[in-house]
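Student: One file: query_22.tsv (TSV, C-alpha atoms).
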```tsv
chain	number	residue	atom	x	y	z
A	14	MET	CA	0.21	-35.10	-17.19
A	15	ASN	CA	-1.46	-33.80	-20.33
A	16	HIS	CA	1.76	-34.38	-22.24
A	17	LYS	CA	1.77	-38.01	-21.12
A	18	LYS	CA	-1.80	-38.49	-22.34
A	19	VAL	CA	-1.00	-36.95	-25.71
A	20	PHE	CA	2.07	-39.14	-26.04
A	21	LEU	CA	0.10	-42.27	-25.10
A	22	PHE	CA	-2.61	-41.35	-27.62
A	23	LEU	CA	-0.04	-40.93	-30.40
A	24	VAL	CA	1.57	-44.28	-29.59
A	25	LEU	CA	-1.76	-46.11	-29.65
A	26	THR	CA	-2.78	-44.39	-32.88
A	27	ALA	CA	0.53	-45.28	-34.54
A	28	THR	CA	0.13	-48.89	-33.40
A	29	LEU	CA	-3.26	-49.12	-35.05
A	30	LEU	CA	-1.96	-47.65	-38.30
A	31	LEU	CA	1.05	-49.92	-38.54
A	32	SER	CA	0.49	-52.57	-41.22
A	33	GLY	CA	3.02	-55.06	-39.89
A	34	CYS	CA	4.41	-57.76	-42.18
A	35	TRP	CA	1.25	-58.25	-44.21
A	36	SER	CA	3.19	-58.63	-47.48
A	37	LYS	CA	6.01	-60.86	-46.26
A	38	LYS	CA	7.17	-63.68	-48.50
A	39	GLU	CA	8.94	-66.68	-47.07
A	40	LEU	CA	11.90	-67.95	-49.07
A	41	THR	CA	10.57	-71.49	-48.86
A	42	ASP	CA	7.39	-70.34	-50.63
A	43	LEU	CA	9.15	-68.71	-53.59
A	44	ALA	CA	10.68	-70.10	-56.78
A	45	LEU	CA	13.51	-67.66	-57.58
A	46	ILE	CA	13.77	-67.36	-61.37
A	47	ALA	CA	17.29	-66.47	-62.55
A	48	ALA	CA	16.65	-66.69	-66.31
A	49	PHE	CA	13.61	-66.90	-68.56
A	50	GLY	CA	13.87	-68.44	-72.03
A	51	ILE	CA	11.19	-67.95	-74.68
A	52	ASP	CA	10.75	-70.19	-77.76
A	53	ILE	CA	7.90	-71.08	-80.09
A	54	ASN	CA	6.81	-74.55	-81.13
A	55	GLU	CA	5.50	-75.76	-84.49
A	56	ASP	CA	2.00	-74.48	-83.69
A	57	GLY	CA	3.28	-70.98	-83.01
A	58	THR	CA	2.67	-71.37	-79.27
A	59	TYR	CA	5.11	-69.81	-76.80
A	60	VAL	CA	7.34	-72.18	-74.85
A	61	GLY	CA	8.76	-70.72	-71.66
A	62	THR	CA	11.78	-72.20	-69.89
A	63	PHE	CA	12.43	-71.20	-66.28
A	64	GLN	CA	15.87	-71.41	-64.68
A	65	ILE	CA	15.05	-71.79	-60.97
A	66	ILE	CA	17.69	-71.24	-58.30
A	67	ASN	CA	18.06	-74.00	-55.73
A	68	PRO	CA	19.33	-71.92	-52.75
A	69	GLY	CA	20.58	-74.88	-50.71
A	70	ASN	CA	22.74	-76.21	-53.54
A	71	VAL	CA	24.08	-72.78	-54.49
A	72	ALA	CA	25.22	-72.01	-50.97
A	73	GLY	CA	27.27	-75.16	-50.62
A	74	GLY	CA	28.14	-75.86	-54.24
A	75	LEU	CA	27.32	-79.27	-55.67
A	76	GLN	CA	26.02	-81.38	-52.82
A	77	GLY	CA	27.20	-84.91	-52.15
A	78	GLY	CA	25.60	-87.52	-49.94
A	79	GLY	CA	22.99	-90.18	-50.30
A	80	GLY	CA	21.21	-88.43	-53.15
A	81	GLY	CA	24.39	-87.89	-55.11
A	82	GLU	CA	25.47	-84.57	-56.59
A	83	ARG	CA	22.77	-82.05	-57.40
A	84	PRO	CA	22.94	-78.98	-59.65
A	85	PRO	CA	22.38	-75.45	-58.30
A	86	ILE	CA	19.43	-74.87	-60.64
A	87	ILE	CA	16.23	-76.64	-61.66
A	88	ILE	CA	14.62	-76.27	-65.09
A	89	TYR	CA	10.89	-76.21	-65.79
A	90	SER	CA	9.03	-75.52	-69.04
A	91	SER	CA	5.45	-74.61	-69.92
A	92	THR	CA	3.49	-73.40	-72.96
A	93	GLY	CA	0.87	-70.75	-73.67
A	94	ASP	CA	-0.61	-68.47	-76.28
A	95	ASN	CA	1.02	-65.49	-74.57
A	96	ILE	CA	3.63	-64.86	-71.90
A	97	VAL	CA	1.09	-64.47	-69.09
A	98	GLU	CA	-0.47	-67.81	-69.98
A	99	VAL	CA	2.97	-69.45	-70.03
A	100	SER	CA	3.52	-68.28	-66.46
A	101	ARG	CA	0.04	-69.36	-65.38
A	102	HIS	CA	0.42	-72.85	-66.87
A	103	ALA	CA	3.79	-73.20	-65.14
A	104	SER	CA	2.09	-72.90	-61.76
A	105	SER	CA	0.77	-76.45	-62.16
A	106	LYS	CA	4.38	-77.72	-62.03
A	107	PHE	CA	5.66	-75.65	-59.12
A	108	SER	CA	5.18	-76.10	-55.40
A	109	ARG	CA	6.20	-72.46	-54.95
A	110	ARG	CA	5.12	-69.11	-56.37
A	111	LEU	CA	7.06	-67.90	-59.40
A	112	TYR	CA	9.14	-64.91	-58.31
A	113	TYR	CA	10.56	-62.72	-61.08
A	114	ALA	CA	12.29	-60.07	-58.95
A	115	HIS	CA	15.63	-61.91	-59.31
A	116	THR	CA	15.29	-62.58	-63.06
A	117	ASN	CA	18.34	-60.91	-64.57
A	118	LEU	CA	18.34	-62.62	-67.97
A	119	VAL	CA	15.79	-63.02	-70.77
A	120	VAL	CA	16.71	-65.32	-73.66
A	121	ILE	CA	14.69	-65.15	-76.90
A	122	SER	CA	15.13	-67.70	-79.68
A	123	ASP	CA	16.14	-66.39	-83.10
A	124	GLU	CA	13.31	-68.41	-84.65
A	125	LEU	CA	10.75	-66.54	-82.56
A	126	ALA	CA	12.43	-63.19	-83.23
A	127	LYS	CA	12.30	-63.83	-86.99
A	128	LYS	CA	8.79	-65.24	-87.31
A	129	GLN	CA	6.69	-63.41	-84.74
A	130	GLY	CA	8.93	-60.61	-83.55
A	131	ILE	CA	9.61	-59.46	-80.01
A	132	THR	CA	7.19	-56.54	-79.56
A	133	THR	CA	4.39	-58.44	-77.78
A	134	ILE	CA	6.86	-60.24	-75.53
A	135	PHE	CA	8.20	-57.03	-74.05
A	136	ASP	CA	4.74	-55.68	-73.36
A	137	ALA	CA	4.15	-58.53	-70.90
A	138	LEU	CA	7.58	-58.18	-69.29
A	139	ASP	CA	7.21	-54.44	-68.84
A	140	ARG	CA	3.75	-54.69	-67.23
A	141	ASP	CA	4.80	-57.14	-64.53
A	142	PRO	CA	5.72	-55.07	-61.43
A	143	GLU	CA	8.13	-57.78	-60.24
A	144	PHE	CA	10.06	-58.05	-63.50
A	145	ARG	CA	13.15	-55.87	-63.64
A	146	SER	CA	13.39	-53.51	-66.60
A	147	THR	CA	17.17	-53.73	-66.19
A	148	ALA	CA	17.23	-57.46	-66.95
A	149	THR	CA	19.68	-58.34	-69.73
A	150	VAL	CA	18.25	-59.51	-73.07
A	151	VAL	CA	20.06	-61.86	-75.47
A	152	ILE	CA	19.09	-63.78	-78.60
A	153	ALA	CA	19.70	-67.53	-78.80
A	154	ARG	CA	21.54	-67.83	-82.11
A	155	ASP	CA	21.14	-71.05	-84.13
A	156	THR	CA	19.74	-72.81	-81.08
A	157	LYS	CA	16.72	-72.79	-78.82
A	158	ALA	CA	16.43	-70.38	-75.92
A	159	ALA	CA	15.74	-73.43	-73.75
A	160	ASP	CA	19.17	-74.87	-74.58
A	161	ILE	CA	20.86	-71.66	-73.42
A	162	VAL	CA	18.87	-71.61	-70.18
A	163	LYS	CA	19.51	-75.31	-69.45
A	164	THR	CA	23.29	-75.22	-69.96
A	165	LEU	CA	25.33	-75.76	-66.78
A	166	THR	CA	28.45	-73.62	-66.52
A	167	PRO	CA	31.59	-74.53	-64.55
A	168	LEU	CA	32.91	-71.20	-63.21
A	169	ASP	CA	29.60	-69.57	-62.35
A	170	LYS	CA	27.18	-71.69	-60.37
A	171	ILE	CA	24.15	-69.84	-61.76
A	172	PRO	CA	24.25	-70.06	-65.59
A	173	ALA	CA	22.34	-66.76	-65.93
A	174	ASN	CA	25.19	-65.00	-64.13
A	175	LYS	CA	27.67	-66.58	-66.53
A	176	VAL	CA	25.88	-65.13	-69.55
A	177	ILE	CA	25.54	-61.66	-68.01
A	178	LYS	CA	29.14	-61.49	-66.79
A	179	THR	CA	30.45	-62.76	-70.13
A	180	LEU	CA	28.45	-60.11	-71.93
A	181	LYS	CA	29.67	-57.32	-69.66
A	182	PHE	CA	33.29	-58.43	-69.97
A	183	THR	CA	33.27	-58.84	-73.75
A	184	GLU	CA	31.53	-55.47	-74.13
A	185	LYS	CA	34.19	-53.84	-71.99
A	186	ARG	CA	37.18	-55.59	-73.59
A	187	TYR	CA	36.28	-56.88	-77.06
A	188	GLY	CA	34.07	-54.13	-78.46
A	189	GLU	CA	31.96	-56.35	-80.73
A	190	HIS	CA	29.00	-56.97	-78.40
A	191	LEU	CA	26.48	-54.92	-76.44
A	192	ASN	CA	24.90	-55.47	-73.04
A	193	VAL	CA	21.28	-54.46	-73.69
A	194	ASN	CA	18.44	-54.54	-71.15
A	195	ILE	CA	14.63	-54.62	-71.43
A	196	GLN	CA	14.28	-50.88	-70.97
A	197	GLU	CA	16.70	-50.09	-73.81
A	198	VAL	CA	15.02	-52.54	-76.19
A	199	MET	CA	11.58	-51.11	-75.47
A	200	ARG	CA	12.81	-47.58	-75.98
A	201	SER	CA	14.13	-48.55	-79.41
A	202	LEU	CA	10.93	-50.40	-80.30
A	203	GLU	CA	8.86	-47.32	-79.47
A	204	SER	CA	11.04	-44.92	-81.44
A	205	PRO	CA	10.49	-44.50	-85.22
A	206	GLY	CA	14.08	-43.25	-85.51
A	207	LYS	CA	15.93	-46.10	-83.79
A	208	GLU	CA	15.86	-49.89	-84.23
A	209	PRO	CA	16.97	-52.39	-81.55
A	210	VAL	CA	20.23	-54.32	-81.60
A	211	ILE	CA	20.69	-57.30	-79.28
A	212	THR	CA	23.71	-59.54	-78.75
A	213	GLY	CA	23.39	-63.20	-79.66
A	214	PHE	CA	24.54	-66.18	-77.61
A	215	HIS	CA	25.48	-69.50	-79.17
A	216	LEU	CA	25.73	-72.94	-77.61
A	217	ASP	CA	29.01	-74.47	-78.67
A	218	GLY	CA	28.68	-78.23	-78.25
A	219	SER	CA	25.95	-80.75	-77.57
A	220	ALA	CA	22.73	-79.41	-76.06
A	221	LYS	CA	22.12	-82.84	-74.56
A	222	HIS	CA	25.47	-82.85	-72.79
A	223	ALA	CA	25.24	-79.17	-71.76
A	224	LYS	CA	22.51	-79.82	-69.20
A	225	LYS	CA	24.29	-82.74	-67.53
A	226	LEU	CA	26.48	-82.50	-64.43
A	227	GLU	CA	29.36	-84.02	-66.40
A	228	ASN	CA	29.61	-80.74	-68.30
A	229	ILE	CA	30.83	-78.89	-65.19
A	230	GLN	CA	32.93	-81.74	-63.86
A	231	GLU	CA	35.35	-81.75	-66.80
A	232	THR	CA	38.46	-79.60	-67.17
A	233	ALA	CA	37.42	-78.89	-70.76
A	234	PRO	CA	33.61	-78.75	-70.90
A	235	GLU	CA	32.13	-80.24	-74.07
A	236	ALA	CA	29.45	-77.55	-74.19
A	237	SER	CA	29.84	-73.85	-73.48
A	238	LEU	CA	28.00	-70.58	-74.04
A	239	GLU	CA	29.60	-67.90	-76.20
A	240	ALA	CA	28.61	-64.40	-77.27
A	241	SER	CA	28.06	-64.50	-81.02
A	242	GLY	CA	27.35	-61.43	-83.12
A	243	ILE	CA	24.73	-58.70	-82.92
A	244	ALA	CA	21.14	-59.16	-84.09
A	245	ILE	CA	19.63	-56.39	-86.23
A	246	PHE	CA	15.90	-55.76	-85.96
A	247	LYS	CA	13.34	-53.93	-88.07
A	248	GLU	CA	9.81	-53.28	-86.86
A	249	GLY	CA	10.36	-55.74	-84.04
A	250	LYS	CA	11.60	-58.65	-86.18
A	251	LEU	CA	15.11	-60.05	-86.51
A	252	ILE	CA	16.32	-59.50	-90.08
A	253	ASP	CA	20.12	-59.92	-90.03
A	254	TRP	CA	23.24	-60.70	-88.01
A	255	ILE	CA	26.49	-58.74	-87.98
A	256	GLN	CA	29.75	-59.81	-86.37
A	257	GLY	CA	33.48	-59.18	-86.39
A	258	LYS	CA	34.65	-55.78	-87.58
A	259	THR	CA	31.19	-54.95	-88.95
A	260	ALA	CA	29.71	-55.39	-85.47
A	261	ARG	CA	32.48	-53.29	-83.99
A	262	GLY	CA	31.79	-50.60	-86.58
A	263	ALA	CA	28.20	-50.50	-85.35
A	264	VAL	CA	29.39	-50.23	-81.75
A	265	TRP	CA	31.70	-47.36	-82.76
A	266	GLY	CA	28.73	-45.57	-84.32
A	267	LEU	CA	26.61	-46.13	-81.22
A	268	ASP	CA	29.32	-44.62	-78.98
A	269	LYS	CA	29.47	-47.84	-76.97
A	270	ILE	CA	33.15	-48.77	-77.39
A	271	LYS	CA	34.74	-49.04	-73.95
A	272	ALA	CA	37.94	-50.78	-75.00
A	273	THR	CA	39.08	-52.79	-78.00
A	274	ASP	CA	42.12	-53.72	-80.09
A	275	VAL	CA	42.51	-52.32	-83.60
A	276	ASN	CA	45.05	-54.08	-85.82
A	277	ILE	CA	46.61	-52.37	-88.83
A	278	ASN	CA	48.85	-53.50	-91.68
A	279	TRP	CA	52.38	-52.15	-91.93
A	280	GLU	CA	54.90	-52.52	-94.75
A	281	GLU	CA	52.82	-55.18	-96.50
A	282	LYS	CA	52.54	-57.25	-93.32
A	283	LYS	CA	48.97	-57.88	-92.26
A	284	GLU	CA	47.87	-56.81	-88.79
A	285	ALA	CA	51.45	-55.99	-87.84
A	286	ILE	CA	50.58	-53.42	-85.15
A	287	ALA	CA	47.97	-53.78	-82.39
A	288	TYR	CA	46.44	-50.59	-81.00
A	289	GLN	CA	44.64	-50.83	-77.66
A	290	VAL	CA	41.83	-48.30	-77.34
A	291	ILE	CA	41.57	-47.01	-73.77
A	292	ARG	CA	38.95	-44.30	-74.31
A	293	GLN	CA	36.83	-42.94	-77.12
A	294	LYS	CA	33.99	-40.57	-77.84
A	295	THR	CA	31.65	-40.65	-80.83
A	296	LYS	CA	29.57	-37.61	-81.68
A	297	VAL	CA	26.74	-37.77	-84.21
A	298	SER	CA	25.19	-34.63	-85.70
A	299	ALA	CA	22.63	-33.98	-88.42
A	300	ASN	CA	21.86	-31.17	-90.82
A	301	MET	CA	19.72	-30.63	-93.90
A	302	LYS	CA	21.46	-30.28	-97.26
A	303	ASN	CA	19.34	-29.30	-100.28
A	304	GLY	CA	16.27	-30.57	-98.49
A	305	GLN	CA	17.93	-33.92	-97.69
A	306	PRO	CA	19.32	-35.03	-94.32
A	307	LYS	CA	23.04	-35.55	-93.84
A	308	ILE	CA	24.68	-37.29	-90.88
A	309	SER	CA	28.17	-36.53	-89.60
A	310	ILE	CA	29.97	-38.98	-87.32
A	311	HIS	CA	33.12	-37.87	-85.53
A	312	VAL	CA	35.18	-40.33	-83.51
A	313	ARG	CA	37.99	-39.40	-81.18
A	314	ALA	CA	40.03	-42.40	-79.99
A	315	GLU	CA	42.95	-42.62	-77.59
A	316	GLY	CA	45.04	-45.69	-76.96
A	317	ASP	CA	48.37	-47.43	-76.56
A	318	ILE	CA	50.55	-49.59	-78.75
A	319	GLY	CA	49.91	-53.14	-77.53
A	320	GLU	CA	52.05	-55.20	-79.89
A	321	VAL	CA	54.44	-54.78	-82.80
A	322	THR	CA	55.43	-57.75	-84.97
A	323	LEU	CA	58.09	-56.13	-87.14
A	324	PRO	CA	61.11	-53.82	-86.64
A	325	ILE	CA	59.92	-50.22	-86.35
A	326	ASP	CA	61.18	-47.10	-84.60
A	327	LEU	CA	58.44	-45.94	-82.24
A	328	THR	CA	60.57	-43.03	-81.03
A	329	ASP	CA	60.18	-41.33	-84.41
A	330	PRO	CA	57.25	-38.85	-84.32
A	331	ARG	CA	56.70	-39.29	-88.06
A	332	VAL	CA	56.27	-43.04	-87.61
A	333	LEU	CA	53.73	-42.51	-84.84
A	334	SER	CA	51.89	-39.98	-86.99
A	335	ASN	CA	51.67	-42.47	-89.85
A	336	ILE	CA	50.41	-45.17	-87.50
A	337	GLU	CA	47.70	-42.80	-86.27
A	338	LYS	CA	46.64	-42.10	-89.85
A	339	ALA	CA	46.44	-45.83	-90.58
A	340	LEU	CA	44.34	-46.32	-87.44
A	341	GLU	CA	41.99	-43.53	-88.47
A	342	LYS	CA	41.56	-45.15	-91.87
A	343	GLU	CA	40.81	-48.56	-90.34
A	344	ILE	CA	38.26	-47.25	-87.83
A	345	LYS	CA	36.58	-45.17	-90.51
A	346	LYS	CA	36.33	-48.21	-92.77
A	347	GLU	CA	34.70	-50.29	-90.04
A	348	ILE	CA	32.06	-47.62	-89.41
A	349	TYR	CA	31.30	-47.16	-93.12
A	350	VAL	CA	30.88	-50.92	-93.58
A	351	ALA	CA	28.47	-51.08	-90.63
A	352	VAL	CA	26.45	-48.12	-91.91
A	353	GLU	CA	26.23	-49.63	-95.40
A	354	ARG	CA	25.05	-52.94	-93.92
A	355	ALA	CA	22.35	-51.18	-91.92
A	356	GLN	CA	21.24	-49.18	-94.96
A	357	LYS	CA	21.08	-52.36	-97.01
A	358	ASN	CA	18.76	-53.82	-94.36
A	359	LYS	CA	16.82	-50.54	-94.18
A	360	SER	CA	17.15	-50.58	-90.42
A	361	ASP	CA	18.37	-47.49	-88.57
A	362	ILE	CA	20.21	-49.19	-85.71
A	363	PHE	CA	22.30	-46.07	-85.09
A	364	GLY	CA	19.42	-43.78	-84.16
A	365	PHE	CA	20.17	-41.29	-86.95
A	366	GLY	CA	16.43	-40.59	-87.12
A	367	GLU	CA	16.42	-39.51	-83.48
A	368	THR	CA	19.38	-37.23	-84.18
A	369	ILE	CA	17.47	-35.55	-87.02
A	370	ARG	CA	14.36	-35.24	-84.84
A	371	ARG	CA	16.36	-33.36	-82.20
A	372	SER	CA	18.07	-31.05	-84.69
A	373	ASP	CA	15.12	-30.35	-87.02
A	374	PRO	CA	11.70	-31.50	-85.67
A	375	LYS	CA	9.77	-30.08	-88.63
A	376	ALA	CA	11.85	-31.96	-91.20
A	377	TRP	CA	11.58	-35.14	-89.14
A	378	LYS	CA	7.76	-35.03	-89.15
A	379	LYS	CA	7.84	-35.26	-92.94
A	380	MET	CA	10.28	-38.18	-93.00
A	381	LYS	CA	9.45	-40.35	-90.00
A	382	HIS	CA	6.69	-42.41	-91.63
A	383	ASP	CA	8.98	-43.82	-94.34
A	384	TRP	CA	12.31	-43.18	-92.65
A	385	ASN	CA	13.83	-46.68	-92.80
A	386	ASP	CA	12.64	-47.63	-96.28
A	387	VAL	CA	13.37	-44.36	-98.08
A	388	HIS	CA	15.35	-41.68	-96.29
A	389	PHE	CA	17.68	-43.81	-94.16
A	390	HIS	CA	18.37	-46.13	-97.10
A	391	GLU	CA	19.61	-43.15	-99.16
A	392	LEU	CA	21.13	-41.18	-96.29
A	393	GLU	CA	24.48	-39.44	-96.82
A	394	VAL	CA	26.85	-40.23	-93.95
A	395	ASP	CA	30.23	-38.60	-93.42
A	396	VAL	CA	32.73	-40.15	-90.99
A	397	THR	CA	35.82	-38.48	-89.55
A	398	VAL	CA	38.20	-40.09	-87.07
A	399	ASP	CA	40.98	-38.70	-84.89
A	400	ALA	CA	43.17	-41.40	-83.35
A	401	PHE	CA	45.94	-40.63	-80.86
A	402	ILE	CA	48.72	-42.82	-79.50
A	403	ARG	CA	49.28	-41.96	-75.86
A	404	ARG	CA	51.83	-44.60	-74.87
A	405	THR	CA	53.97	-47.21	-76.57
A	406	GLY	CA	54.31	-49.51	-73.56
A	407	LEU	CA	57.49	-50.39	-71.66
A	408	ARG	CA	59.52	-50.67	-74.86
A	409	ASN	CA	59.94	-48.02	-77.57
A	410	LYS	CA	62.21	-50.07	-79.79
A	411	PRO	CA	60.77	-53.52	-80.60
A	412	HIS	CA	63.03	-56.43	-79.65
A	413	LEU	CA	62.69	-57.58	-83.27
A	414	SER	CA	64.97	-54.69	-84.23
A	415	ASP	CA	67.75	-56.08	-82.02
A	416	ILE	CA	67.23	-59.56	-83.45
A	417	GLU	CA	67.55	-58.24	-87.02
A	418	MET	CA	70.75	-56.32	-86.15
A	419	ASN	CA	72.39	-59.38	-84.56
A	420	ARG	CA	71.79	-61.65	-87.52
```
Represent the structure contained in this file as structure tokens.

Tutor:
Amino acid sequence: MNHKKVFLFLVLTATLLLSGCWSKKELTDLALIAAFGIDINEDGTYVGTFQIINPGNVAGGLQGGGGGERPPIIIYSSTGDNIVEVSRHASSKFSRRLYYAHTNLVVISDELAKKQGITTIFDALDRDPEFRSTATVVIARDTKAADIVKTLTPLDKIPANKVIKTLKFTEKRYGEHLNVNIQEVMRSLESPGKEPVITGFHLDGSAKHAKKLENIQETAPEASLEASGIAIFKEGKLIDWIQGKTARGAVWGLDKIKATDVNINWEEKKEAIAYQVIRQKTKVSANMKNGQPKISIHVRAEGDIGEVTLPIDLTDPRVLSNIEKALEKEIKKEIYVAVERAQKNKSDIFGFGETIRRSDPKAWKKMKHDWNDVHFHELEVDVTVDAFIRRTGLRNKPHLSDIEMNR
């Protein structure tokens, strides 16, 4: 009997302590923000653009009926002297509460990044408990952030997903772009030995047409979003853009290459052989030489022969060895060009300062205050590369060799 009383007492006590669904949020009361674009106007005021998901239209695609077709997103804009004020002013346009927990993309205009910098923006984003620190960050290159956010995309119903998936795919396959999130940008902003790098996105086509339904109803959309270069920052402000092989050289140095294609010249024919990198590892070390820091970069790359556009015997070990040497020379050149560009901008995007801090904290204390402008600008960097060909594909002897023999 006593056991029953104790059990009943525990049940009643637990019932009183249970909070229930006091913090529940109904879907119909929330405005789910997929992407947040940030611009500035002529007065220097922030302009925020919100890409709101319309759940009913996303679930069933573009809806037909009496109201005609409707897009899966709705766009709203508001202004403010800071990011918090932008969000507060936006509440006068919404019938639902702004909900940032599903915001996976932040787009910042290059104009804002150049003039005012991005430091204060990230303070607001990091303080909001709903905002994800893993949200992807991109820079709107040569266009407004609002134009990127407003663009309708044909394959992906939610445009924010299109940008994120494109960035992840090009990072994994192309090797000239980086998928960077809020947390990584803030870590670089806080470090005196590492500057942020953020991928740019460009609107190819008419901004006016990009936000119309016609843009996703055509087999060849007139407006599309494309990854375009890497933005270099210094002290929170955008100072330069790098792209092509220079951007890939930076990605090599950052140990972020997941896969890429390296083309080399052969027998006076340009880009005659394509080498597909399947794995790589970049190691960066630092040491002091005559009181001055020196950085050593070592890259180990493994890959396959992807294409050959001239007759060549790939069964000959000496030929493969020469191809590997040519690949090592090309990769080394790309890294050196990227390092020289960063040194010219006096922006340590590679984190060499952090490497020195870890290896020699006392020496770093003396250099950190003028690291970018003095020490990094004059830094000696040595690059070594080991490239290995693991496979030559299904064919060792190019079909071009047979064609030449039969002529």

Student: From the set A:Ile66, A:Ile243, A:Ala339, A:Ile131, which residue has the shortest atom-to-atom contact distance to Asp399 of chain A, counting only C-alpha atoms?

Tutor: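 Smallest separation from Asp399 of chain A among the options: A:Ala339.
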
Student: May I have a table of the residues of segment 258-314 of chain A lying at most 7 Å from segment 349-367 of chain A, giving each one's closest pair of atoms and their distance in Å to one decimal, counting only C-alpha atoms, ordered by chain and ascending residue number, as JSON lines?

Tutor:
```
{"residue": "A:Thr259", "atom": "CA", "partner": "A:Ala351", "partner_atom": "CA", "distance": 5.0}
{"residue": "A:Ala260", "atom": "CA", "partner": "A:Ala351", "partner_atom": "CA", "distance": 6.8}
{"residue": "A:Gly262", "atom": "CA", "partner": "A:Ala351", "partner_atom": "CA", "distance": 5.3}
{"residue": "A:Ala263", "atom": "CA", "partner": "A:Ala351", "partner_atom": "CA", "distance": 5.3}
{"residue": "A:Gly266", "atom": "CA", "partner": "A:Phe363", "partner_atom": "CA", "distance": 6.5}
{"residue": "A:Leu267", "atom": "CA", "partner": "A:Phe363", "partner_atom": "CA", "distance": 5.8}
```

Student: Quick one: everything within 12 Å of Lys282 of chain A, counting all atoms listed in the file, minus sequence neighbours fewer than 4 positions away in the same chain. Send it as a PDB file with C-alpha atoms, in the frame of the given file.

Tutor:
```pdb
ATOM      1  CA  ASN A 276      45.050 -54.080 -85.820  1.00  0.00           C
ATOM      2  CA  ILE A 277      46.610 -52.370 -88.830  1.00  0.00           C
ATOM      3  CA  ASN A 278      48.850 -53.500 -91.680  1.00  0.00           C
ATOM      4  CA  ILE A 286      50.580 -53.420 -85.150  1.00  0.00           C
ATOM      5  CA  VAL A 321      54.440 -54.780 -82.800  1.00  0.00           C
ATOM      6  CA  THR A 322      55.430 -57.750 -84.970  1.00  0.00           C
ATOM      7  CA  LEU A 323      58.090 -56.130 -87.140  1.00  0.00           C
ATOM      8  CA  PRO A 324      61.110 -53.820 -86.640  1.00  0.00           C
TER       9      PRO A 324
END
```

Student: Could you check the closest approach to Leu226 of chain A for each of A:His16, A:Arg370, A:Lys170, A:Lys283 and tell me which residue wins, using only C-alpha atoms?

Tutor: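 Of A:His16, A:Arg370, A:Lys170, A:Lys283, the one nearest Leu226 of chain A, counting only C-alpha atoms, is A:Lys170.
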
Student: To one decimal in Å, tell me the separation between atom CA of Arg404 of chain A and atom CA of Gly316 of chain A.

Tutor: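 A separation of 7.2 Å between them.
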
Student: I'd like to know which of A:His215, A:Lys269, A:His190, A:Lys181 is closest to Ser122 of chain A, using all atoms listed in the file.

Tutor: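 The answer is A:His215, which sits nearest to Ser122 of chain A.
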
Student: What is the distance, in Å and to one decimal place, between atom CA of Thr58 of chain A and atom CA of Thr133 of chain A?

Tutor: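 Atom CA of Thr133 of chain A lies 13.1 Å from atom CA of Thr58 of chain A.
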
Student: Using only C-alpha atoms, which residue out of A:Lys163, A:Lys175, A:Lys17, A:Arg408 lies closest to Thr149 of chain A?

Tutor: A:Lys175
